[in-house]
Amino acid sequence: LQYENVREFVEPVLATEMASGRNCYLAPIGGSLLEGSMTKPLGAMGYLAAFAELLEQTHAQGFTPDSVVLATGSAGTQAGLLAGAKLLSPDTKIVGISVAGSTEVISGYVKSITEALLREVGEPEPVTEEEVIVFDDYLGEGYGILNDDILTAVRRVAREEGILLDPVYTGKCMTGLLDLSDKGYFGEGEVVFLHTGGTPALFPYRDGILGGIRGSGRPPLPLKQDLPALQGLIHLGAGVTDAGHLHQSVVTLGIEGIHVLVKGEPSGVTVHPL
């Protein structure tokens, strides 16, 4: 996904609408970049508040997260969480798994939005390169393109936790989290996986997903979604069987130290190592 190419499509539409007398507001991708009509990182402000809520909930369970792992693309979510961490829990790493662009591009967005947000809340300070953590190792063929690793992650979490991930954002993020965990990246630290929604995207990808789940011998189809996935709710207690039907299943994920927050509340699942 090349954000710099978006304006060539948007500008003609904007010019036409303004010429017709409409008062237009040009919102940037993700609702946080200071461009178009946006002068404040409004989207990221929401995730600064979300980090404060997340910290309150984890403290209630008796731990402080060493890392928060999330899908990152337009960078507003990661920037808001990073600003929150800098202000409230400086030792907490905010780890972004890129779903749309290179580490260099996404990191630049995260840094600029975070610094703008800190200025906006009256706590201006620079953001260092070390504080911006973005992995682009799990992009595969690009934004919204299903692959075997994403399918494996979606199936595993559905079966073992009863939580539905989507193929565009959270599924790709979980692919990165599982791999980084296997490589020892998190050590013995406490890790929170942030589910940012997108469950409805399972439906337009159903052919590719079910093609793999049914074991028909057909590889998952490399489907590409034209529009970003809609934000959705997470469903507890529902896993996917080989026949593609839902069944009740809440089993520990098997990754030591990983906690899952659902609908803003801790899932209450005790996590044990495999």
# chains A, B, ... in the order shown; residues from 1 in each chain; ligands from 1

$ select_by_dssp --residues "segment 24-136 of chain A" --states "strand (DSSP E or B)" --output "number ranges by chain"
A: 67-72, 93-98, 133-135

$ closest_residue --among "A:Pro124, A:Glu56, A:Tyr169, A:Glu188" --to "Lys86 of chain A" --atoms "only C-alpha atoms"
A:Pro124

$ atom_distance --atom1 "atom CA of Ala50 of chain A" --atom2 "atom CA of Thr152 of chain A"
28.9 Å

$ select_by_dssp --residues "segment 19-137 of chain A" --states "alpha helix (DSSP H)" --output "PyMOL selection string"
chain A and resi 19+42-60+76-88+103-120

$ closest_residue --among "A:Glu11, A:Glu131, A:Asp182, A:Glu160" --to "Leu81 of chain A" --atoms "only C-alpha atoms"
A:Glu131

$ residues_around --residues "Ser67 of chain A" --least-positions-apart "4" --cutoff "12 Å" --atoms "only C-alpha atoms" --output "ChimeraX atom specification"
/A:51,54-55,58,63,81-82,85,89-96,131,133,177,180-181,185-194,257-259

$ closest_residue --among "A:Ile97, A:Lys111, A:Ala83, A:Gly184" --to "Glu123 of chain A" --atoms "only C-alpha atoms"
A:Ala83

$ closest_residue --among "A:Ala201, A:Ala52, A:Leu178, A:Ile106" --to "Ile145 of chain A" --atoms "only C-alpha atoms"
A:Ala201

$ residues_around --residues "Ala49 of chain A" --least-positions-apart "3" --cutoff "8 Å" --atoms "only C-alpha atoms" --output "ChimeraX atom specification"
/A:45-46,52-53,80,84
